Every structure is written in structure tokens, then in C-alpha cells.
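Coordinates from start-v4.tsv are shown below (TSV, C-alpha atoms and all ligand atoms).
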chain	number	residue	atom	x	y	z
A	209	MET	CA	-1.23	-33.88	-15.84
A	210	ASP	CA	-1.40	-31.49	-12.89
A	211	LEU	CA	-5.11	-30.75	-12.36
A	212	ARG	CA	-4.43	-28.68	-9.29
A	213	ASN	CA	-5.38	-25.46	-10.99
A	214	ASN	CA	-7.32	-26.62	-13.99
A	215	PRO	CA	-9.42	-23.79	-15.48
A	216	ASN	CA	-12.46	-26.08	-15.37
A	217	GLU	CA	-12.19	-26.31	-11.62
A	218	THR	CA	-12.37	-22.61	-10.80
A	219	ALA	CA	-15.71	-23.19	-9.02
A	220	ASP	CA	-13.89	-25.20	-6.32
A	221	TRP	CA	-12.07	-22.07	-5.14
A	222	LYS	CA	-14.10	-20.02	-2.63
A	223	GLY	CA	-13.72	-17.02	-0.32
A	224	ILE	CA	-11.46	-13.99	-0.09
A	225	TRP	CA	-8.08	-14.21	1.64
A	226	ILE	CA	-5.89	-11.41	2.89
A	227	PHE	CA	-2.19	-11.82	3.71
A	228	ALA	CA	-1.59	-10.24	7.14
A	229	GLU	CA	2.07	-9.29	6.75
A	230	GLN	CA	4.00	-9.05	10.01
A	231	HIS	CA	7.46	-7.85	10.90
A	232	GLY	CA	8.95	-8.51	14.32
A	233	GLY	CA	5.54	-9.79	15.42
A	234	ASN	CA	3.76	-6.55	14.43
A	235	ILE	CA	0.98	-6.92	11.87
A	236	GLN	CA	1.35	-4.21	9.23
A	237	ASN	CA	-1.54	-1.82	8.62
A	238	VAL	CA	-1.93	-2.89	4.99
A	239	GLY	CA	-3.35	-6.23	6.21
A	240	TYR	CA	-6.15	-4.44	8.09
A	241	GLU	CA	-6.76	-2.15	5.10
A	242	LEU	CA	-7.18	-5.17	2.83
A	243	ILE	CA	-9.61	-6.85	5.25
A	244	ALA	CA	-11.80	-3.70	5.12
A	245	GLU	CA	-11.76	-3.74	1.31
A	246	GLY	CA	-12.22	-7.52	1.24
A	247	LYS	CA	-15.42	-7.11	3.29
A	248	LYS	CA	-16.85	-4.83	0.59
A	249	LEU	CA	-15.96	-7.30	-2.16
A	250	ALA	CA	-17.41	-10.17	-0.09
A	251	GLU	CA	-20.84	-8.53	-0.10
A	252	SER	CA	-21.04	-9.04	-3.88
A	253	LEU	CA	-19.76	-12.62	-3.66
A	254	ASN	CA	-21.60	-13.57	-0.48
A	255	CYS	CA	-18.48	-15.16	0.96
A	256	GLU	CA	-16.17	-14.98	3.95
A	257	VAL	CA	-13.04	-12.87	4.36
A	258	SER	CA	-10.13	-14.73	5.94
A	259	ALA	CA	-6.77	-13.41	7.08
A	260	VAL	CA	-3.58	-15.46	6.76
A	261	LEU	CA	-1.05	-14.85	9.53
A	262	ALA	CA	2.34	-16.57	9.34
A	263	GLY	CA	5.18	-16.58	11.84
A	264	ASP	CA	6.70	-18.64	14.64
A	265	GLU	CA	4.58	-19.78	17.60
A	266	SER	CA	4.79	-16.35	19.29
A	267	ILE	CA	2.73	-14.75	16.53
A	268	GLU	CA	-0.46	-16.29	17.93
A	269	GLY	CA	-0.65	-13.42	20.46
A	270	GLN	CA	-1.38	-11.00	17.57
A	271	LEU	CA	-4.22	-12.74	15.84
A	272	GLN	CA	-7.15	-11.27	17.83
A	273	SER	CA	-6.60	-7.92	16.12
A	274	LEU	CA	-7.42	-9.53	12.77
A	275	PHE	CA	-10.86	-10.50	14.10
A	276	ASP	CA	-11.21	-7.00	15.59
A	277	PHE	CA	-10.64	-5.50	12.15
A	278	GLY	CA	-13.30	-7.70	10.58
A	279	ALA	CA	-11.78	-11.06	9.54
A	280	ASP	CA	-14.37	-13.86	9.58
A	281	LYS	CA	-11.67	-16.50	9.84
A	282	VAL	CA	-7.93	-16.60	10.49
A	283	TYR	CA	-5.48	-19.15	9.08
A	284	LEU	CA	-2.59	-19.29	11.52
A	285	VAL	CA	0.52	-20.68	9.82
A	286	THR	CA	3.32	-21.39	12.29
A	287	HIS	CA	6.83	-22.78	11.96
A	288	PRO	CA	10.13	-21.65	13.57
A	289	GLU	CA	11.45	-20.85	10.06
A	290	LEU	CA	8.62	-18.34	9.51
A	291	LYS	CA	9.71	-15.97	12.32
A	292	HIS	CA	11.28	-13.57	9.81
A	293	TYR	CA	10.30	-13.28	6.15
A	294	ARG	CA	12.32	-15.25	3.65
A	295	THR	CA	11.05	-16.00	0.14
A	296	ALA	CA	11.38	-19.79	0.02
A	297	PRO	CA	9.93	-20.85	3.41
A	298	TYR	CA	7.01	-18.42	3.09
A	299	THR	CA	6.31	-19.53	-0.48
A	300	ARG	CA	6.31	-23.19	0.62
A	301	ALA	CA	4.02	-22.57	3.59
A	302	LEU	CA	1.50	-20.33	1.86
A	303	THR	CA	1.39	-22.26	-1.40
A	304	ASP	CA	0.62	-25.48	0.49
A	305	LEU	CA	-2.08	-23.65	2.48
A	306	LEU	CA	-3.56	-22.20	-0.70
A	307	ASN	CA	-3.68	-25.53	-2.48
A	308	LYS	CA	-5.34	-27.16	0.51
A	309	TYR	CA	-8.08	-24.57	1.21
A	310	LYS	CA	-8.47	-22.99	-2.27
A	311	PRO	CA	-9.46	-19.31	-1.88
A	312	GLU	CA	-11.07	-17.62	-4.87
A	313	ILE	CA	-9.25	-14.32	-4.29
A	314	PHE	CA	-5.93	-13.68	-2.51
A	315	LEU	CA	-4.92	-10.08	-1.74
A	316	ILE	CA	-1.43	-9.12	-0.59
A	317	GLY	CA	0.05	-5.71	0.29
A	318	ALA	CA	2.31	-4.29	-2.43
A	319	THR	CA	5.17	-3.93	0.05
A	320	THR	CA	8.71	-5.19	-0.51
A	321	THR	CA	7.73	-8.47	1.16
A	322	GLY	CA	4.33	-8.73	-0.52
A	323	ARG	CA	5.68	-8.09	-4.02
A	324	ASP	CA	8.32	-10.75	-3.55
A	325	LEU	CA	5.95	-13.35	-2.09
A	326	ALA	CA	3.03	-12.79	-4.48
A	327	ALA	CA	5.14	-13.19	-7.61
A	328	ARG	CA	6.72	-16.44	-6.40
A	329	MET	CA	3.38	-17.87	-5.28
A	330	ALA	CA	1.59	-17.00	-8.52
A	331	VAL	CA	4.15	-19.02	-10.47
A	332	ARG	CA	3.89	-21.99	-8.10
A	333	VAL	CA	0.09	-22.03	-8.17
A	334	ASN	CA	-0.07	-21.26	-11.88
A	335	CYS	CA	-2.37	-18.25	-11.64
A	336	GLY	CA	-2.25	-14.64	-12.79
A	337	LEU	CA	-1.11	-11.72	-10.64
A	338	THR	CA	-2.01	-8.04	-10.95
A	339	ALA	CA	0.61	-5.96	-9.18
A	340	ASP	CA	0.16	-2.58	-7.50
A	341	CYS	CA	-3.63	-2.27	-7.76
A	342	THR	CA	-5.24	1.01	-6.79
A	343	GLY	CA	-8.84	-0.20	-7.12
A	344	LEU	CA	-10.75	-3.48	-6.73
A	345	SER	CA	-14.35	-4.37	-7.51
A	346	ILE	CA	-16.47	-7.36	-8.52
A	347	ASP	CA	-17.91	-7.70	-12.03
A	348	PRO	CA	-21.64	-7.83	-11.26
A	349	VAL	CA	-22.39	-10.40	-13.98
A	350	LYS	CA	-19.34	-12.68	-14.11
A	351	LYS	CA	-18.65	-12.31	-10.37
A	352	ILE	CA	-14.92	-12.06	-10.92
A	353	LEU	CA	-12.42	-9.62	-9.49
A	354	GLN	CA	-11.80	-6.40	-11.44
A	355	GLN	CA	-8.25	-5.33	-10.65
A	356	THR	CA	-7.48	-1.73	-11.55
A	357	ARG	CA	-3.99	-0.26	-11.71
A	358	PRO	CA	-2.14	2.54	-13.52
A	359	ALA	CA	-0.60	1.47	-16.84
A	360	PHE	CA	1.60	3.05	-19.51
A	361	GLY	CA	3.45	5.27	-17.06
A	362	GLY	CA	0.25	6.13	-15.23
A	363	ASN	CA	-1.40	7.69	-18.26
A	364	ILE	CA	-4.30	5.23	-18.28
A	365	MET	CA	-5.99	3.09	-15.67
A	366	ALA	CA	-6.21	-0.55	-16.78
A	367	THR	CA	-8.74	-3.03	-15.37
A	368	ILE	CA	-7.42	-6.58	-15.45
A	369	LEU	CA	-9.39	-9.83	-15.10
A	370	SER	CA	-8.20	-13.36	-14.34
A	371	PRO	CA	-11.11	-15.41	-15.65
A	372	ASN	CA	-9.54	-18.85	-15.98
A	373	HIS	CA	-7.22	-19.48	-13.06
A	374	ARG	CA	-7.55	-19.38	-9.30
A	375	PRO	CA	-6.92	-17.73	-7.03
A	376	GLN	CA	-7.32	-14.29	-8.55
A	377	MET	CA	-4.25	-12.73	-7.02
A	378	ALA	CA	-3.46	-9.03	-6.63
A	379	THR	CA	-1.08	-6.84	-4.68
A	380	VAL	CA	-2.42	-3.53	-3.38
A	381	ARG	CA	-0.36	-0.60	-2.16
A	382	PRO	CA	-0.52	0.38	1.49
A	383	LYS	CA	-2.88	3.29	2.22
A	384	VAL	CA	-4.96	2.84	-0.92
A	385	PHE	CA	-7.81	1.58	1.31
A	386	LYS	CA	-8.70	2.59	4.86
A	387	LYS	CA	-8.69	0.14	7.75
A	388	GLU	CA	-11.85	-0.10	9.84
A	389	LYS	CA	-12.07	-1.44	13.35
A	390	VAL	CA	-15.37	-3.30	13.27
A	391	ARG	CA	-15.96	-6.08	15.74
A	392	ASN	CA	-17.30	-8.83	13.56
A	393	PRO	CA	-20.04	-10.73	15.44
A	394	LYS	CA	-19.17	-13.89	13.48
A	395	SER	CA	-15.51	-13.70	14.47
A	396	GLU	CA	-14.43	-15.93	17.29
A	397	GLN	CA	-11.38	-17.95	18.10
A	398	SER	CA	-13.40	-20.98	16.91
A	399	ASN	CA	-12.91	-19.55	13.42
A	400	LEU	CA	-9.19	-20.15	13.75
A	401	ILE	CA	-7.57	-22.72	11.47
A	402	ARG	CA	-4.08	-23.82	12.43
A	403	PHE	CA	-1.67	-24.96	9.73
A	404	LYS	CA	1.78	-26.41	10.31
A	405	PRO	CA	3.70	-26.44	7.04
A	406	GLU	CA	6.40	-28.97	6.27
A	407	MET	CA	9.68	-27.44	5.13
A	408	LYS	CA	12.06	-29.16	2.76
A	409	ASP	CA	15.84	-28.71	2.75
A	410	GLU	CA	15.60	-26.74	-0.49
A	411	ASP	CA	13.38	-24.15	1.28
A	412	LEU	CA	16.01	-23.41	3.90
A	413	LEU	CA	19.08	-22.51	1.86
A	414	VAL	CA	19.09	-18.88	3.03
A	415	LYS	CA	19.76	-18.23	6.73
A	416	ILE	CA	19.19	-14.95	8.59
A	417	ILE	CA	22.23	-14.22	10.76
A	418	SER	CA	21.15	-10.83	12.09
A	419	ILE	CA	18.73	-8.03	11.24
A	420	ILE	CA	20.17	-4.51	11.15
A	421	LYS	CA	17.80	-1.56	10.91
A	422	ASP	CA	18.82	1.20	8.48
A	423	GLU	CA	18.92	4.18	10.85
A	424	SER	CA	19.40	6.61	7.96
A	425	ILE	CA	15.72	6.20	7.04
A	426	LYS	CA	14.14	8.69	9.42
A	427	VAL	CA	10.95	9.41	7.49
A	428	ASN	CA	7.89	7.17	7.66
A	429	LEU	CA	5.57	8.84	5.20
A	430	GLN	CA	2.99	6.09	5.22
A	431	GLU	CA	2.31	6.49	8.94
A	432	ALA	CA	2.42	10.33	8.98
A	433	GLU	CA	-0.86	12.14	9.70
A	434	ILE	CA	0.36	15.38	8.10
A	435	ILE	CA	2.71	15.65	5.10
A	436	VAL	CA	4.18	18.81	3.60
A	437	SER	CA	5.60	18.07	0.14
A	438	GLY	CA	7.88	20.13	-2.05
A	439	GLY	CA	8.03	20.09	-5.85
A	440	ARG	CA	10.21	21.68	-8.48
A	441	GLY	CA	8.31	24.93	-7.90
A	442	ILE	CA	10.32	25.53	-4.74
A	443	GLN	CA	13.09	26.44	-7.23
A	444	ASP	CA	16.17	25.38	-5.29
A	445	PRO	CA	17.19	22.39	-3.14
A	446	LYS	CA	17.99	24.68	-0.23
A	447	ASN	CA	14.32	25.69	-0.12
A	448	PHE	CA	13.49	22.24	1.28
A	449	LYS	CA	14.48	23.98	4.55
A	450	MET	CA	11.30	26.05	4.27
A	451	ILE	CA	9.28	22.84	3.64
A	452	GLU	CA	10.90	21.24	6.72
A	453	GLU	CA	10.06	24.30	8.82
A	454	LEU	CA	6.38	24.18	7.81
A	455	ALA	CA	6.33	20.40	8.43
A	456	GLN	CA	7.83	20.97	11.86
A	457	ALA	CA	5.32	23.73	12.68
A	458	VAL	CA	2.36	21.44	11.87
A	459	GLY	CA	3.97	18.29	13.32
A	460	GLY	CA	4.23	16.56	9.95
A	461	ALA	CA	6.69	14.74	7.69
A	462	VAL	CA	8.41	16.02	4.54
A	463	GLY	CA	7.35	14.59	1.17
A	464	ALA	CA	8.57	15.35	-2.34
A	465	SER	CA	7.73	15.00	-6.02
A	466	ARG	CA	9.83	12.73	-8.18
A	467	ALA	CA	11.23	15.69	-10.11
A	468	THR	CA	12.98	16.91	-6.95
A	469	VAL	CA	14.20	13.40	-6.09
A	470	ASP	CA	15.53	12.86	-9.63
A	471	ALA	CA	17.30	16.23	-9.41
A	472	GLY	CA	19.05	15.05	-6.24
A	473	TRP	CA	17.38	17.71	-4.06
A	474	ILE	CA	16.12	15.17	-1.50
A	475	SER	CA	16.37	11.41	-0.90
A	476	ALA	CA	14.01	8.91	-2.55
A	477	HIS	CA	12.60	7.93	0.87
A	478	HIS	CA	10.54	11.15	0.66
A	479	GLN	CA	9.02	10.54	-2.77
A	480	VAL	CA	5.23	10.41	-3.03
A	481	GLY	CA	3.53	8.90	-6.07
A	482	GLN	CA	3.37	5.98	-8.42
A	483	THR	CA	7.02	5.06	-8.06
A	484	GLY	CA	7.27	6.45	-4.53
A	485	LYS	CA	5.00	5.99	-1.52
A	486	THR	CA	1.22	5.97	-1.54
A	487	VAL	CA	0.09	8.12	1.37
A	488	ALA	CA	-3.27	9.04	2.88
A	489	PRO	CA	-2.62	11.50	5.71
A	490	LYS	CA	-5.26	13.70	7.34
A	491	LEU	CA	-3.58	16.74	5.76
A	492	TYR	CA	-1.37	16.91	2.64
A	493	ILE	CA	0.17	20.28	1.73
A	494	ALA	CA	1.60	20.33	-1.82
A	495	CYS	CA	4.02	23.22	-2.41
A	496	GLY	CA	5.09	23.96	-5.99
A	497	ILE	CA	3.91	20.56	-7.25
A	498	ALA	CA	2.21	20.46	-10.66
A	499	GLY	CA	0.00	17.45	-9.84
A	500	LYS	CA	0.84	15.09	-12.71
A	501	ILE	CA	-1.14	11.84	-12.58
A	502	GLN	CA	1.87	9.88	-11.26
A	503	HIS	CA	1.99	12.18	-8.23
A	504	LEU	CA	-1.79	12.29	-7.75
A	505	VAL	CA	-2.17	8.50	-7.55
A	506	GLY	CA	0.09	8.55	-4.52
A	507	MET	CA	-1.72	11.22	-2.47
A	508	GLN	CA	-5.26	11.78	-3.67
A	509	GLY	CA	-6.63	9.58	-0.86
A	510	SER	CA	-5.56	12.23	1.69
A	511	ASP	CA	-8.44	13.61	3.79
A	512	THR	CA	-7.64	17.29	3.16
A	513	ILE	CA	-5.34	18.56	0.42
A	514	VAL	CA	-3.93	22.10	0.38
A	515	ALA	CA	-2.16	23.06	-2.86
A	516	ILE	CA	0.09	26.09	-3.33
A	517	ASN	CA	0.99	26.81	-6.96
A	518	LYS	CA	1.49	29.99	-8.95
A	519	ASP	CA	-0.31	28.52	-11.97
A	520	PRO	CA	-4.12	28.63	-11.46
A	521	ASP	CA	-4.50	25.87	-14.06
A	522	ALA	CA	-2.08	23.45	-12.39
A	523	PRO	CA	-3.69	19.97	-12.24
A	524	ILE	CA	-2.98	19.72	-8.49
A	525	PHE	CA	-5.97	22.06	-7.98
A	526	THR	CA	-8.32	19.39	-9.41
A	527	VAL	CA	-7.80	17.27	-6.28
A	528	ALA	CA	-7.20	20.09	-3.77
A	529	THR	CA	-9.65	20.83	-0.95
A	530	TYR	CA	-8.11	24.31	-0.61
A	531	GLY	CA	-6.02	26.00	-3.29
A	532	ILE	CA	-3.67	28.96	-2.88
A	533	VAL	CA	-2.60	30.57	-6.16
A	534	GLY	CA	0.70	32.24	-5.36
A	535	ASP	CA	4.45	32.00	-5.04
A	536	CYS	CA	5.27	29.23	-2.58
A	537	LEU	CA	8.48	31.03	-1.62
A	538	GLU	CA	6.23	33.69	-0.06
A	539	VAL	CA	3.20	31.62	0.96
A	540	VAL	CA	5.03	28.77	2.75
A	541	PRO	CA	7.08	30.97	5.15
A	542	ALA	CA	3.99	33.11	5.80
A	543	LEU	CA	1.97	29.97	6.68
A	544	THR	CA	4.76	28.75	8.97
A	545	ARG	CA	4.90	32.11	10.78
A	546	LYS	CA	1.12	32.18	11.24
A	547	ILE	CA	0.95	28.58	12.51
A	548	ARG	CA	3.79	29.21	14.99
A	549	GLU	CA	2.00	32.37	16.15
A	550	VAL	CA	-1.32	30.54	16.65
A	551	ARG	CA	0.33	27.60	18.39
A	552	GLY	CA	2.40	29.90	20.59
A	601	LIG	C1	6.62	5.99	-14.96
A	601	LIG	C2	6.62	7.30	-14.21
A	601	LIG	C3	6.53	7.28	-12.84
A	601	LIG	C4	6.51	8.47	-12.13
A	601	LIG	N1	6.39	8.43	-10.76
A	601	LIG	C5	6.29	9.59	-10.08
A	601	LIG	C6	6.09	9.59	-8.67
A	601	LIG	O1	6.08	8.56	-8.00
A	601	LIG	N2	5.97	10.77	-8.05
A	601	LIG	C7	6.00	11.99	-8.72
A	601	LIG	O2	5.88	13.04	-8.06
A	601	LIG	N3	6.20	12.00	-10.05
A	601	LIG	C8	6.36	10.85	-10.73
A	601	LIG	N4	6.60	10.89	-12.07
A	601	LIG	C9	6.93	12.20	-12.69
A	601	LIG	C10	5.71	13.08	-12.99
A	601	LIG	O3	5.20	12.77	-14.26
A	601	LIG	C11	6.12	14.56	-12.95
A	601	LIG	O4	7.17	14.77	-13.86
A	601	LIG	C12	6.56	15.06	-11.57
A	601	LIG	O5	5.61	14.72	-10.60
A	601	LIG	C13	6.69	16.58	-11.65
A	601	LIG	O6	7.17	17.07	-10.45
A	601	LIG	P1	6.85	18.56	-10.02
A	601	LIG	O7	5.39	18.76	-9.99
A	601	LIG	O8	7.62	18.83	-8.77
A	601	LIG	O9	7.57	19.43	-11.14
A	601	LIG	P2	7.01	20.26	-12.39
A	601	LIG	O10	6.22	19.41	-13.30
A	601	LIG	O11	8.17	20.98	-12.95
A	601	LIG	O12	6.00	21.30	-11.74
A	601	LIG	C14	6.39	22.37	-10.93
A	601	LIG	C15	5.14	23.14	-10.53
A	601	LIG	O13	5.52	24.18	-9.66
A	601	LIG	C16	4.81	25.37	-10.04
A	601	LIG	N5	5.68	26.49	-9.64
A	601	LIG	C17	6.82	26.92	-10.22
A	601	LIG	N6	7.35	27.94	-9.50
A	601	LIG	C18	6.51	28.15	-8.45
A	601	LIG	C19	6.52	29.02	-7.34
A	601	LIG	N7	7.50	29.92	-7.15
A	601	LIG	N8	5.48	28.96	-6.46
A	601	LIG	C20	4.47	28.05	-6.61
A	601	LIG	N9	4.43	27.19	-7.65
A	601	LIG	C21	5.43	27.22	-8.54
A	601	LIG	C22	4.61	25.26	-11.53
A	601	LIG	O14	3.49	26.04	-11.91
A	601	LIG	C23	4.40	23.76	-11.70
A	601	LIG	O15	3.01	23.46	-11.60
A	601	LIG	C24	6.61	9.71	-12.81
A	601	LIG	C25	6.69	9.72	-14.20
A	601	LIG	C26	6.68	8.53	-14.90
A	601	LIG	C27	6.76	8.56	-16.40
Translate this structure into C-alpha cells?
Amino acid sequence: MDLRNNPNETADWKGIWIFAEQHGGNIQNVGYELIAEGKKLAESLNCEVSAVLAGDESIEGQLQSLFDFGADKVYLVTHPELKHYRTAPYTRALTDLLNKYKPEIFLIGATTTGRDLAARMAVRVNCGLTADCTGLSIDPVKKILQQTRPAFGGNIMATILSPNHRPQMATVRPKVFKKEKVRNPKSEQSNLIRFKPEMKDEDLLVKIISIIKDESIKVNLQEAEIIVSGGRGIQDPKNFKMIEELAQAVGGAVGASRATVDAGWISAHHQVGQTGKTVAPKLYIACGIAGKIQHLVGMQGSDTIVAINKDPDAPIFTVATYGIVGDCLEVVPALTRKIREVRG
């Protein structure tokens, strides 16, 4: 019998781990965001927060930033086959690491890579996995992870527990939490644990021949500091021009509701919300967007929200910092003119 993850042995699993996803040697922001959230959870569990960084030998140059963003410890997993993400080698490396050091909680970004890796690992380790969490907390009595995520099409928020298996594994969308640069006094290079995984032939069946960037994707909503989004209230696909002009005037990116994407008015790369991108810019301007829950979960973490809607009862106003009740076909061009005037 495989006792590796016997429910009776949950007490052997300790600490919170964060997967520090990297592409081309650049650690993705979601790793830093998860460290910041992990630190909050660690206060209730009185444990350490460790980051797991995997790549080829050259990735070592990046690890200091994980300490700078608050990791108490870093597990550095290196192998030439880990230079670029592939499911099987990463699953092998991280599953072996997990079984050796036994973290109680393992958090991974709900990115394309993270979703792929987390699902495969959860099966290998025989634990549960809550995908796409938008909230995490610790049950004050049972001291287990409460994993909150939208369910039933976003109409309810479900809180999911994994009481019997370890680690408690969850993926979390980028931008749900905020990263914090906090030099951790405990963090030093002496808190670095090196791990060299052994690959088997069966892990190396897929080879990367070349990596070609899709140049058609020009919008990076998740990194934008200002987003101007259009909804069905803009009436016509050609009115995305007016959204683009306002975005250009404020130096922002163009977002969209799913209704406009489904109608073919704009590409899915622009969609904000539950089945689009989660964003948290400094300023989010919603033009003609109703503010259904599936849209709100993707943008309500924005610092300042300006909503323009002709219906004073539109739900978008419940999350807006500033609301303008009016016709966006008049308000948006007027705003653009004024901003251009002020900015010269
Ligand atoms: C499983 C699931 C996942 C989903 N995921 C997403 C998601 O990721 N992102 C997302 O956005 N939606 C998502 N949706 C869809 C969501 O429920 C809404 O249908 C969608 O967000 C509505 O888009 P909208 O606000 O642009 O359009 P509408 O609901 O049609 O609202 C248009 C708004 O514009 C206002 N308006 C109309 N004319 C004007 C005008 N001239 N000036 C100003 N205001 C005007 C109206 O008062 C109204 O409030 C999802 C739904 C499901 C079931």
C-alpha cells in the first residue's frame, strides 16, 4: 500500500509553498503575489513561506527577487530539461520535490502553465485541487486552508476544504492578490535548498524545437496600469474606436465585456472577467458595461473604478469609485477631448 499520502499522516506536511513560474528566465508577477498572500496565511499557521523556482542552471540569477518579495526559503530545482515549461519534466521534478519535503499548502498561479502543472501534480500526489481561487484564508479552529472560488457560473462563491490529503493545493488567478516588496530579515541565501531531479525517458517524450511568439497578441491587460473597457452599451462594434481613443488619451489598454467578445466585436484577448483576464489596474473605466458578477470578479480589485452607464441601477455602480449616469456615446468622446486638452 502506498502510504505516501495517507490521510493519517497529514501532520507530517508543513509550511506554505508558492510556485514561482518563470518564462524565458523571467519570474512572473503571480509568484510574487502569491508570496504576499502566503505570508498572511502563514501568520495563522505560524509557518514559513517558501518559493519553488525551476529552470536550467541560468535561473539561479533570478532567485534573489523571491527573497526580496518575502520568501523565507527558496527551493531551486535545476535541470537542463526544465529550461522551458513542459508538462512531464516539470511534473516529475516538482512531484519528487513535494514528496521529499512535504509542504502543507502549495499555491500555483492559475495561468496556462499553472493550470496544466497543478492538475497533473494533484493526481500524482493524490491530493485535491481547487482551481481558480479568488480568496484564501485559514480556518481558525481546524487550521486548514479555506479556498474560495466562483461556482455555478459565478452566481455563488464556494469555499472548498481539503481536510484529508496533503498538500492542500490551489491555483489562484494573477492579479487577485497584490505583490509586496518587503525585505524579509530571515531571508538569506543560506535559506536556499538546491534540488536536482532525475528525469526518466518517459518524461522526455516531447521536445521543444523552437518557440515562436504570437505577434498578433498586442494587448497585455494584466500588466496595464489603466484599462478602458467597452460593453454592449457602446451599441456598435465600430464604437470600440471611441474606447481606443480614450485608452490612448490616458495611456491605457482596451478591455471588453464578454458580451462584446461573443458578438465578435473585439478579440477574446481583451476580455475581462471570470472567463477572461483578472485585472487590477490603478484605473479601470467601464463604458456601457452592466457589471454582472462574472465581469466584476475580473476587475473589482482595481484601485479606482469609473463607470459610465445610462442606467442608474446598473450593478457596475456598486463597485465604482466614481459613477457617471449618462450615454457613453456622449460621455466617452467628451472625456477624451477634455483629457487631450488638459494634457496638451
Ligand atoms: C459562466 C459564465 C462566464 C462568464 N464570463 C464572463 C467574463 O469573463 N466577462 C464578462 O464580461 N462577462 C462574462 N459572462 C457574461 C456576463 O454574465 C454578462 O452577460 C456580460 O458581462 C454582459 O456584458 P455587458 O455588460 O457588456 O452587456 P449587457 O448586459 O447587455 O449590459 C449593457 C449595459 O450597457 C448599458 N447601456 C446601454 N446603452 C448604453 C449607452 N448608450 N450608454 C451607457 N450605457 C449604456 C445598459 O444599461 C447595460 O447596463 C459570463 C457568463 C457566464 C454564465
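Picture a line from CA of Glu453 in chain A to atom N2 of ligand LIG 601 (chain A); it runs 22.0 Å.
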Taking only residues of range 367-460 of chain A that have an atom at most 8 Å from an atom of range 495-515 of chain A, what is each one's shortest atom pair and its distance in Å to one decimal, using only C-alpha atoms, in chain and number order, as a Markdown table?
| residue | atom | partner | partner_atom | distance |
| --- | --- | --- | --- | --- |
| A:Lys383 | CA | A:Gly509 | CA | 7.9 |
| A:Val384 | CA | A:Gly509 | CA | 6.9 |
| A:Val436 | CA | A:Cys495 | CA | 7.5 |
| A:Ser437 | CA | A:Cys495 | CA | 6.0 |
| A:Gly438 | CA | A:Cys495 | CA | 5.0 |
| A:Gly439 | CA | A:Ile497 | CA | 4.4 |
| A:Arg440 | CA | A:Gly496 | CA | 6.1 |
| A:Gly441 | CA | A:Gly496 | CA | 3.9 |
| A:Ile442 | CA | A:Gly496 | CA | 5.6 |
Pick out the closest residue to Asp535 in chain A from this set: A:Lys308, A:His477, A:Arg551, A:Lys518. Count only C-alpha atoms.
A:Lys518
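Selection around (-11.8, -13.1, -10.5) with radius 9 Å, counting only C-alpha atoms, yields the residues Glu312, Ile313, Ile346, Asp347, Lys350, Lys351, Ile352, Leu353, Gln354, Gln355, Leu369, Ser370, Pro371, Asn372, His373, Arg374, Pro375, Gln376 and Met377 of chain A.
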Pick from A:Ala455, A:Val427, A:Ala219, A:Ala464, whichever lies nearest to ligand LIG 601 (chain A) using all atoms listed in the file
A:Ala464
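Picture a line from CA of Ala359 in chain A to CA of Val469 in chain A; it runs 21.8 Å.
Near (1.0, 13.3, 7.0), the residues inside the 8 Å limit, counting all atoms listed in the file, come to A:Leu429, A:Gln430, A:Glu431, A:Ala432, A:Glu433, A:Ile434, A:Ile435, A:Val436, A:Gly460, A:Ala461, A:Val487, A:Ala488, A:Pro489, A:Lys490, A:Leu491, A:Tyr492.
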